[in-house]
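Engineer: upload-v7.txt is reproduced in full below (compact mmCIF, C-alpha atoms).
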```txt
# COMPACT_ATOMS: atom_id res chain seq x y z
CA MET R 12 -3.91 7.59 28.90
CA VAL R 13 -3.55 9.88 31.94
CA GLU R 14 -2.08 12.53 29.64
CA LYS R 15 -5.17 12.30 27.42
CA LEU R 16 -7.50 12.66 30.40
CA THR R 17 -5.63 15.68 31.78
CA GLY R 18 -5.07 17.17 28.33
CA CYS R 19 -8.76 17.29 27.51
CA GLY R 20 -9.67 18.67 30.94
CA TRP R 21 -11.56 15.59 32.11
CA LEU R 22 -9.09 15.01 34.96
CA SER R 23 -6.96 17.46 36.91
CA LEU R 24 -3.90 16.71 39.01
CA PRO R 25 -1.77 18.80 41.38
CA GLY R 26 1.34 17.56 39.56
CA THR R 27 2.21 15.67 36.42
CA PRO R 28 0.86 12.34 35.19
CA ASP R 29 4.27 10.83 36.04
CA ASP R 30 3.88 12.07 39.62
CA LEU R 31 0.50 10.35 39.82
CA LEU R 32 1.83 7.06 38.47
CA ALA R 33 4.82 7.18 40.82
CA SER R 34 2.77 7.96 43.95
CA ARG R 35 2.43 5.29 46.62
CA PRO R 36 -0.83 4.42 48.43
CA GLU R 37 0.50 5.79 51.71
CA ASN R 38 1.13 9.15 50.00
CA ALA R 39 -1.51 9.10 47.26
CA THR R 40 -1.82 11.89 44.73
CA PRO R 41 -5.29 13.49 44.87
CA ILE R 42 -7.16 13.71 41.57
CA THR R 43 -10.18 15.75 40.56
CA VAL R 44 -12.76 15.13 37.89
CA PRO R 45 -13.96 18.72 37.34
CA SER R 46 -17.37 17.73 35.98
CA LEU R 47 -18.03 15.86 39.24
CA ALA R 48 -16.68 18.52 41.62
CA HIS R 49 -18.81 20.91 43.64
CA ARG R 50 -19.47 24.17 41.88
CA VAL R 51 -18.82 27.70 43.20
CA ASN R 52 -22.43 27.98 44.39
CA GLY R 53 -21.98 24.83 46.53
CA THR R 54 -24.05 22.53 44.36
CA GLY R 55 -22.76 19.46 42.61
CA PRO R 56 -23.92 17.07 39.94
CA PHE R 57 -25.28 14.61 42.53
CA THR R 58 -28.12 15.02 44.99
CA PHE R 59 -26.99 12.39 47.49
CA GLY R 60 -25.04 12.72 50.70
CA LYS R 61 -21.99 11.13 52.24
CA LYS R 62 -23.79 7.90 53.22
CA MET R 63 -24.54 7.07 49.60
CA ARG R 64 -20.98 7.63 48.35
CA PRO R 65 -19.54 4.30 49.58
CA LYS R 66 -22.43 2.42 47.97
CA LEU R 67 -21.86 4.18 44.66
CA SER R 68 -18.14 3.63 44.89
CA GLY R 69 -18.71 -0.09 45.49
CA TRP R 70 -21.13 -0.28 42.57
CA ALA R 71 -18.72 1.50 40.26
CA GLN R 72 -15.90 -0.82 41.37
CA LYS R 73 -18.07 -3.87 40.55
CA VAL R 74 -18.78 -2.51 37.08
CA ILE R 75 -15.22 -1.67 36.11
CA SER R 76 -13.79 -4.86 37.60
CA ASP R 77 -16.25 -7.10 35.74
CA LYS R 78 -14.61 -10.49 35.10
CA LYS R 79 -15.15 -10.44 31.34
CA LEU R 80 -13.78 -6.89 31.06
CA ARG R 81 -10.69 -8.02 32.96
CA LYS R 82 -10.25 -11.12 30.79
CA ALA R 83 -10.63 -9.04 27.65
CA LYS R 84 -7.92 -6.71 29.01
CA ALA R 85 -10.31 -3.79 28.53
CA THR R 86 -8.65 -0.40 28.63
CA SER R 87 -9.53 2.19 31.24
CA ALA R 88 -11.43 4.12 28.56
CA SER R 89 -13.56 1.09 27.68
CA ARG R 90 -14.23 0.46 31.39
CA LEU R 91 -15.29 4.10 31.76
CA LEU R 92 -17.59 3.65 28.76
CA ALA R 93 -19.02 0.48 30.36
CA LEU R 94 -19.67 2.40 33.58
CA THR R 95 -21.30 5.24 31.65
CA LEU R 96 -23.48 2.94 29.56
CA SER R 97 -24.60 1.06 32.66
CA THR R 98 -26.36 4.30 33.68
CA GLN R 99 -27.67 5.01 30.17
CA ALA R 100 -29.82 1.94 29.53
CA SER R 101 -33.48 1.22 30.14
CA ALA R 102 -34.76 -1.72 32.17
CA SER R 103 -35.14 -3.53 28.83
CA ARG R 104 -31.35 -3.04 28.37
CA ARG R 105 -31.73 -0.69 25.36
CA LEU R 106 -29.35 2.26 25.34
CA GLY R 107 -30.75 5.75 25.83
CA LEU R 108 -34.02 7.11 27.06
CA GLY R 109 -36.77 5.17 25.35
CA GLY R 110 -34.16 2.91 23.75
CA HIS R 111 -33.27 5.53 21.13
CA GLY R 112 -29.54 5.46 21.83
CA VAL R 113 -27.11 7.70 23.64
CA CYS R 114 -26.16 11.01 22.07
CA LEU R 115 -22.48 11.04 21.12
CA ASN R 116 -22.10 14.61 22.42
CA ALA R 117 -23.29 13.44 25.84
CA LEU R 118 -20.90 10.47 25.71
CA ALA R 119 -18.00 12.73 24.72
CA ALA R 120 -18.61 14.79 27.86
CA LEU R 121 -18.34 11.66 30.02
CA VAL R 122 -15.84 9.50 28.13
CA PRO R 123 -12.88 11.35 26.60
CA ALA R 124 -12.73 9.55 23.25
CA GLY R 125 -12.90 10.70 19.66
CA ALA R 126 -15.27 9.10 17.16
CA ASP R 127 -12.67 6.66 15.85
CA GLU R 128 -11.60 5.66 19.35
CA LEU R 129 -15.23 5.32 20.45
CA GLU R 130 -15.78 2.73 17.73
CA ARG R 131 -12.81 0.73 19.07
CA LEU R 132 -14.15 0.99 22.64
CA VAL R 133 -17.58 -0.21 21.54
CA ASP R 134 -15.91 -3.17 19.79
CA GLN R 135 -14.05 -4.00 23.04
CA LEU R 136 -17.29 -3.93 25.02
CA THR R 137 -19.02 -6.10 22.42
CA ALA R 138 -16.15 -8.62 22.54
CA ALA R 139 -16.36 -8.64 26.37
CA ASP R 140 -20.07 -9.57 26.18
CA TRP R 141 -21.10 -6.17 27.58
CA LEU R 142 -22.92 -4.79 24.50
CA THR R 143 -24.93 -6.36 21.73
CA ASP R 144 -26.45 -4.93 18.54
CA ALA R 145 -24.22 -1.88 18.99
CA ALA R 146 -24.18 0.65 16.16
CA LEU R 147 -22.59 4.08 15.92
CA THR R 148 -24.23 6.73 13.78
CA ASP R 149 -23.06 10.31 13.31
CA THR R 150 -25.08 11.34 16.37
CA HIS R 151 -25.87 8.30 18.55
CA LEU R 152 -24.68 5.00 19.94
CA THR R 153 -27.52 2.49 19.80
CA GLY R 154 -27.76 -1.10 20.95
CA GLN R 155 -28.32 -2.83 24.23
CA LEU R 156 -26.49 -4.17 27.20
CA THR R 157 -26.25 -7.94 27.43
CA GLU R 158 -28.47 -9.75 29.87
CA ARG R 159 -25.52 -10.78 32.03
CA VAL R 160 -24.69 -7.14 32.92
CA LEU R 161 -28.27 -6.12 33.74
CA PRO R 162 -27.65 -6.60 37.50
CA LEU R 163 -24.84 -4.03 37.25
CA THR R 164 -27.02 -1.31 35.72
CA CYS R 165 -28.91 1.68 37.07
CA PRO R 166 -31.79 1.71 34.57
CA LEU R 167 -33.12 4.97 33.20
CA PRO R 168 -36.69 5.84 34.16
CA THR R 169 -39.35 4.70 31.75
CA PRO R 170 -40.58 7.67 29.70
CA VAL R 171 -44.14 8.65 30.48
CA ALA R 172 -46.41 8.90 27.46
CA GLY R 173 -47.98 12.31 27.10
CA PRO R 174 -51.69 12.96 26.60
CA ARG R 175 -53.10 12.05 23.22
```
Any chance you could put this one into structure tokens?
Structural biologist:
Amino acid sequence: MVEKLTGCGWLSLPGTPDDLLASRPENATPITVPSLAHRVNGTGPFTFGKKMRPKLSGWAQKVISDKKLRKAKATSASRLLALTLSTQASASRRLGLGGHGVCLNALAALVPAGADELERLVDQLTAADWLTDAALTDTHLTGQLTERVLPLTCPLPTPVAGPR
């Protein structure tokens, strides 16, 4: 799996995947997720400071270590998809802005999985009681998060209706 993540450019390492897996906590191998790194102009994808990072890290850890995901032996890719989808649902648990689903191109940028693998990951999340009514089209993943995972989500803002 690490080879897939480095091969597609989602993750970068100073050495090889074997070096990463062999590293010990006291001499950990640093990793970089390029899409999350600061850019040349000093900006980054997030607008929060250092005080918010531990809170986000704790939240992300809660999501990926969800008991039902652990019991279902969910892969790291399915846990990453769970984390991603927990930020891509409305307060009503529907996926995507306005409940219209999440664009597969946007998902591909965040979760390194092909269309066939994505279907398997969605099945894993459905089996782990994370997703319900999930459906993959050529362009979107639709469905909703289950009620039990709602406390783990960061709901999307409700779209504001324009003037009529």
Engineer: If I take CA of Leu108 in chain R and CA of Leu136 in chain R, how far is one from the other in Å, to one decimal?
Structural biologist: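 Here the two named atoms are 20.1 Å from each other.
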Engineer: Taking 2 positions as the minimum chain separation for residues in the same chain, which residues sit within 10 Å of Ala85 in chain R when counting all atoms listed in the file? Answer as a PDB file with C-alpha atoms, in the frame of the given file.
Structural biologist:
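Output saved as out_1.pdb:
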```pdb
ATOM      1  CA  ILE R  75     -15.220  -1.670  36.110  1.00  0.00           C
ATOM      2  CA  SER R  76     -13.790  -4.860  37.600  1.00  0.00           C
ATOM      3  CA  ASP R  77     -16.250  -7.100  35.740  1.00  0.00           C
ATOM      4  CA  LYS R  79     -15.150 -10.440  31.340  1.00  0.00           C
ATOM      5  CA  LEU R  80     -13.780  -6.890  31.060  1.00  0.00           C
ATOM      6  CA  ARG R  81     -10.690  -8.020  32.960  1.00  0.00           C
ATOM      7  CA  LYS R  82     -10.250 -11.120  30.790  1.00  0.00           C
ATOM      8  CA  ALA R  83     -10.630  -9.040  27.650  1.00  0.00           C
ATOM      9  CA  SER R  87      -9.530   2.190  31.240  1.00  0.00           C
ATOM     10  CA  ALA R  88     -11.430   4.120  28.560  1.00  0.00           C
ATOM     11  CA  SER R  89     -13.560   1.090  27.680  1.00  0.00           C
ATOM     12  CA  ARG R  90     -14.230   0.460  31.390  1.00  0.00           C
ATOM     13  CA  LEU R  91     -15.290   4.100  31.760  1.00  0.00           C
ATOM     14  CA  ALA R  93     -19.020   0.480  30.360  1.00  0.00           C
ATOM     15  CA  LEU R 132     -14.150   0.990  22.640  1.00  0.00           C
ATOM     16  CA  GLN R 135     -14.050  -4.000  23.040  1.00  0.00           C
ATOM     17  CA  LEU R 136     -17.290  -3.930  25.020  1.00  0.00           C
ATOM     18  CA  ALA R 138     -16.150  -8.620  22.540  1.00  0.00           C
ATOM     19  CA  ALA R 139     -16.360  -8.640  26.370  1.00  0.00           C
TER      20      ALA R 139
END
```
Engineer: Mind pulling up the distance from CA of Val13 in chain R to CA of Ala146 in chain R?
Structural biologist: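 CA of Ala146 in chain R sits 27.6 Å away from CA of Val13 in chain R.
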Engineer: Could you check which of R:Thr164, R:Ser68, R:Thr40, R:Ser97 is closest to Gly26 in chain R, using all atoms listed in the file?
Structural biologist: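 The closest residue to Gly26 in chain R is R:Thr40.
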Engineer: Looking at R:Leu47, R:Val74, R:Leu94, R:Val160, which one is nearest to Val122 in chain R, with distances taken over all atoms listed in the file?
Structural biologist: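 Using all atoms listed in the file, the shortest distance to Val122 in chain R belongs to R:Leu94.
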Engineer: Quick one: residues within 10 Å of Gly112 in chain R, only C-alpha atoms counted, chain neighbours fewer than 5 positions away excluded, as an mmCIF file with C-alpha atoms, keeping the file's coordinate frame?
Structural biologist:
```cif
data_model
loop_
_atom_site.group_PDB
_atom_site.id
_atom_site.type_symbol
_atom_site.label_atom_id
_atom_site.label_comp_id
_atom_site.auth_asym_id
_atom_site.auth_seq_id
_atom_site.Cartn_x
_atom_site.Cartn_y
_atom_site.Cartn_z
ATOM 1 C CA GLN R 99 -27.670 5.010 30.170
ATOM 2 C CA ALA R 100 -29.820 1.940 29.530
ATOM 3 C CA ARG R 105 -31.730 -0.690 25.360
ATOM 4 C CA LEU R 106 -29.350 2.260 25.340
ATOM 5 C CA GLY R 107 -30.750 5.750 25.830
ATOM 6 C CA ALA R 145 -24.220 -1.880 18.990
ATOM 7 C CA ALA R 146 -24.180 0.650 16.160
ATOM 8 C CA LEU R 147 -22.590 4.080 15.920
ATOM 9 C CA THR R 148 -24.230 6.730 13.780
ATOM 10 C CA THR R 150 -25.080 11.340 16.370
ATOM 11 C CA HIS R 151 -25.870 8.300 18.550
ATOM 12 C CA LEU R 152 -24.680 5.000 19.940
ATOM 13 C CA THR R 153 -27.520 2.490 19.800
ATOM 14 C CA GLY R 154 -27.760 -1.100 20.950
ATOM 15 C CA GLN R 155 -28.320 -2.830 24.230
#
```
Engineer: Distance CA of Ala33 in chain R-CA of Thr17 in chain R, one decimal place?
Structural biologist: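 Computing the Euclidean distance for CA of Ala33 in chain R and CA of Thr17 in chain R yields 16.2 Å.
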Engineer: So which one's closest to Met12 in chain R, R:Thr95, R:Ser101, R:Ala124, R:Leu118? Using only C-alpha atoms, please.
Structural biologist: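 Of R:Thr95, R:Ser101, R:Ala124, R:Leu118, the one nearest Met12 in chain R is R:Ala124, counting only C-alpha atoms.
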Engineer: My list of candidates is R:Ile42, R:Leu163, R:Leu115, R:Ala102. Which is closest to Glu130 in chain R when distances are computed with only C-alpha atoms?
Structural biologist: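 For Glu130 in chain R, the nearest of the given residues is R:Leu115.
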Engineer: Between R:Val113, R:Arg159, R:Asp29, R:Pro123, which is the closest to Asp140 in chain R once you count all atoms listed in the file?
Structural biologist: R:Arg159
Engineer: Between R:Ala120, R:Leu32, R:Leu22, R:Ala71, which is the closest to Thr98 in chain R once you count all atoms listed in the file?
Structural biologist: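 Distance minimum relative to Thr98 in chain R lands on R:Ala71.
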